[in-house]
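One structure below.
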Protein chains: 2
Amino acid sequence: MRVSAPTLAVIGGGQLARMMAQPAIALGLPLRLLAEAEGVSAAQVIADHTVGDYRDLDTLLKVTDGCAAVTFDHEHVPTEHLHALERAGVAVRPGPQALVFAQDKALMRERLGGLGVPCPRNAVVTSVEEVEAFGFPCVLKTTRGGYDGKGVWVVRSAADAVEPFEVASKAAPQNGTRILAEELVDFRRELSAIVARSPSGQAAAYPVVQTTQRGGICHEVVAPAPDLSDELAGQAQSIALKVAGELGVTGILAVELFETVDGRILVNELAMRPHNTGHWTQDGAETSQFENHLRAVMDLPLGSPAPRQRWTVMVNILGGSDPDAGRLYDGFPHALARDPHLRVHLYGKDLRPGRKVGHVNTYGDDLEDCLERARHAAAWFAGDLGNESE
Amino acid sequence: MRVSAPTLAVIGGGQLARMMAQPAIALGLPLRLLAEAEGVSAAQVIADHTVGDYRDLDTLLKVTDGCAAVTFDHEHVPTEHLHALERAGVAVRPGPQALVFAQDKALMRERLGGLGVPCPRNAVVTSVEEVEAFGFPCVLKTTRGGYDGKGVWVVRSAADAVEPFEVASKAAPQNGTRILAEELVDFRRELSAIVARSPSGQAAAYPVVQTTQRGGICHEVVAPAPDLSDELAGQAQSIALKVAGELGVTGILAVELFETVDGRILVNELAMRPHNTGHWTQDGAETSQFENHLRAVMDLPLGSPAPRQRWTVMVNILGGSDPDAGRLYDGFPHALARDPHLRVHLYGKDLRPGRKVGHVNTYGDDLEDCLERARHAAAWFAGDLGNESE
């Protein structure tokens, strides 16, 4: 054997797995990928990959055979399969006992409530009548399977509440999806607190960032969050460290938060994998979230999460309504010539409306300049420059 | 087709090709690798790879078929094959008319002399008698095929000069190797000036660095070179830019230089590919030499070569005399726990005496601290900590 390093299995061939490949090259850590299809984002760049279905236990057992550990590009692997992998002797990181709280929002709310972590008022509801009793306006969410704005509805009337139950009832036989009602939080802005935690219990907290969504999809991140009081930043980091420790998370934990208009912090969502709100760390932190995810799941000492400069801005490249107007590789001549400091990350995906196909990072001492450069470049690639460069 | 970016062929499966894979992932640029054997450094991490012989033209034509351009991990592809690839319509970058000056040291000296670039006194010699006439002590070099101290002899007598001619006469029928005699330069230290240059003629110059060799192999780099006068730094960068422009180099050009005890700059060697003396840029510059090499050979606008902090130090991990004493993956627990700011780059190679298997980078405001941390970590991985950590 030429490489004495153990192999890490990664389930899911999206851009998060793709971006794990870069630090894996540096660490000399072989990755073995289970991809949904040939040619998906991570399968383009991870030599050792298999195409198969992550809902099939035999496939999972085969891919992870001989691997030191298994980690994930997404949170959709059935919990019972994760337990079966553990029984088969694979180190599942994060483990099913932690991951279930990222997979099921009702369980997450119950557990966080038990830990005394501040959350929006919430309740599992089983009928439109129960939503009415909870009170309008509110937010309804499927407890499982939602992401990037899918499975989330703001409802202001009984009529609005019908669709969520239809969606949930279709999904329920397969994965036990229910409907969670949450108060519609009057927030000043959204924040994200990312920590890495290893099985040994070492943890590293990244600076708290400000995130802006567009249609439920993360669109823009400023690191660190501007004008955030030390007290709230400390609270946000403490919440993330507490959740990671109490739930036994291994790898990256992203805690999406609301900063309310009355100056409180409430937990919105959890993700137990590298997260869109941490992409700025690739160019803006001493150790990227992808490298610290690998280090954490392999139980290696974590790298410094310190920022490398005053400000870093990340803007996603999202497919516009007219994908033909977008530019990917052919966006480089203008974008790179305009800004020799620009950092571009493309995912090897075609442009489709609303699809994340890449992101750009900028950094420097002048936040307005960073924002202008990142927004211009992202809009240029997406093909909707007119809307973005004002 | 999912990815609209053109494909770049890379010839040679060493660590330089491996480290091109990281920025290629970010740029969404598909690489197609020709590797010497299955499992070599770059073949571990580049999914689209073929095993074959770079000295075989049919193999080269097959690998580069449909690629937008071809670039190199090493300089050993026969010049006549590079011309044949160009005739076949492949963009060869760097092209044979430039690369020949990195392949043949006698041609390089002649060309640089013609450009007025300062070089050590030199002459092609065909016998021991001609070496005596050149004068002892001197340095003899095979004009082709040498690297990492191979094919270089310091000779102080006629007896010393016999071996080089024997080596050259064995190689000559295959590649026309001759012997070049050069004055033994009384140098204060060695420097390296790296530039990237695109076919369009855009060029970017990295800060001039100080390099330390061990047994003819680059061992330590400090960026920028400490206490280098602005005048000499400017001269070094001007030489590199002039050579890149006049020779029509595309991609990275590394110019290894002597700073003489009497305060002059002389060109020692040229390399037309990412170079060991530029590995510091992965963590220390805004754009790494690997990314700028890709951008240059694809004729994309170059990224900023500016340093990201005061000092960056690179130390190679070289196999010690007892490879069993070395540590690669199992060196992480101590090395990463001791220094959360350490940047490690392993090549997926086994330890063998004198073999480059990785490098570490450190950066910060305190040069002594950077040196101590990088030397300690490299020695720890190499297994010769006792010699290095004093």
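Residues are referred to by chain and number: the chain letter is A, B, ... according to the order shown in the structure tokens, the number counts from 1 in that chain, and ligands are numbered separately from 1 in the order shown.
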(request) Compile the residues of chain A that lie within 7 Å of chain B, evaluated using only C-alpha atoms, and express the compilation as a PyMOL selection string. (result) chain A and resi 2-5+22+25-28+44-47+286+300-304+329+332-333+336-337+340-341+344-350
(message) I'd like the neighbourhood of Arg189 (chain A) as a ChimeraX atom specification, where a residue qualifies if any of its atoms comes within 8 Å (using only C-alpha atoms), though same-chain residues fewer than 3 positions away should be ignored.
(response) /A:210-212,258-260
Save out the residues we just selected, C-alpha atoms, as a JSON list (two decimals), in the first residue's frame.
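What ended up in again-v6.json:
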[["chain", "number", "residue", "atom", "x", "y", "z"],
["A", 210, "GLN", "CA", -24.36, 37.49, 9.15],
["A", 211, "THR", "CA", -26.32, 35.67, 6.46],
["A", 212, "THR", "CA", -28.84, 36.90, 3.95],
["A", 258, "PHE", "CA", -32.26, 34.80, 14.35],
["A", 259, "GLU", "CA", -31.18, 38.06, 15.94],
["A", 260, "THR", "CA", -34.57, 39.43, 17.02]]
(request) Taking the chain letters and numbering used in this document, name the residues of region 55-163 of chain B that DSSP puts in helix (DSSP H, G or I), as a count of residues only. (result) 48
(request) Considering only C-alpha atoms, return as a ChimeraX atom specification whatever protein or nucleic-acid residues lie within 9 Å of Val243 (chain B), sequence-local ones (same chain, fewer than 3 positions apart) excluded. (result) /B:112,115,117,238-240,246-249,253,255
(request) Among the residues of region 151-343 of chain A, find those DSSP assigns to strand (DSSP E) from the backbone and print them as number ranges by chain. (result) A: 152-155, 179-183, 187-197, 203-205, 209-214, 217-223, 251-260, 265-271, 311-318, 343
(request) Using only C-alpha atoms, determine which residues lie at most 10 Å from Thr126 (chain B), disregarding the query and same-chain residues fewer than 3 positions distant; provide the list as a PyMOL selection string. (result) chain B and resi 123+129-131+165+178-181
Store the residues picked out above, limited to N, CA, C and O atoms, as a CSV table (one decimal), in the first residue's frame.
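Printed below is selection.csv as written:
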chain,number,residue,atom,x,y,z
B,123,ALA,N,30.7,27.1,-20.0
B,123,ALA,CA,31.1,26.6,-21.3
B,123,ALA,C,30.8,25.2,-21.4
B,123,ALA,O,30.8,24.4,-20.5
B,129,GLU,N,40.2,17.4,-20.3
B,129,GLU,CA,41.2,18.4,-20.6
B,129,GLU,C,40.5,19.8,-20.8
B,129,GLU,O,41.0,20.8,-20.3
B,130,GLU,N,39.3,19.8,-21.4
B,130,GLU,CA,38.6,21.1,-21.5
B,130,GLU,C,38.2,21.6,-20.2
B,130,GLU,O,38.1,22.8,-20.0
B,131,VAL,N,37.9,20.7,-19.3
B,131,VAL,CA,37.5,21.1,-17.9
B,131,VAL,C,38.7,21.7,-17.2
B,131,VAL,O,38.6,22.8,-16.6
B,165,PHE,N,31.3,12.8,-17.3
B,165,PHE,CA,31.4,12.4,-18.8
B,165,PHE,C,30.8,11.0,-19.0
B,165,PHE,O,30.2,10.7,-20.0
B,178,ARG,N,24.9,16.7,-23.0
B,178,ARG,CA,26.3,17.1,-23.0
B,178,ARG,C,26.7,17.5,-21.6
B,178,ARG,O,25.9,17.4,-20.7
B,179,ILE,N,28.0,18.0,-21.5
B,179,ILE,CA,28.4,18.5,-20.2
B,179,ILE,C,28.7,20.0,-20.2
B,179,ILE,O,29.4,20.5,-21.1
B,180,LEU,N,28.1,20.7,-19.3
B,180,LEU,CA,28.3,22.1,-19.2
B,180,LEU,C,29.2,22.4,-17.9
B,180,LEU,O,28.9,21.9,-16.9
B,181,ALA,N,30.2,23.2,-18.1
B,181,ALA,CA,31.0,23.6,-17.0
B,181,ALA,C,30.6,25.0,-16.6
B,181,ALA,O,30.4,25.9,-17.4
(request) Choose the residue, out of A:Leu266, A:Leu191, A:Val63, A:Val357, that has the smallest atom-to-atom separation from Leu16 (chain A); count only C-alpha atoms. (result)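 Checking each of A:Leu266, A:Leu191, A:Val63, A:Val357 against Leu16 (chain A), counting only C-alpha atoms, the winner is A:Val357.
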(message) Measuring between only C-alpha atoms, which one of B:Ala9, B:Ala102, B:Ala223, B:Leu140 shows the shortest distance to Arg32 (chain B)?
(response)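 When distances to Arg32 (chain B) are compared using only C-alpha atoms, the smallest one comes from B:Ala9.
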(request) Find, counting only C-alpha atoms, the residue in B:Gln202, B:Ser192, B:Gln15, B:Thr7 that gets nearest to Arg355 (chain B). (result) B:Gln15
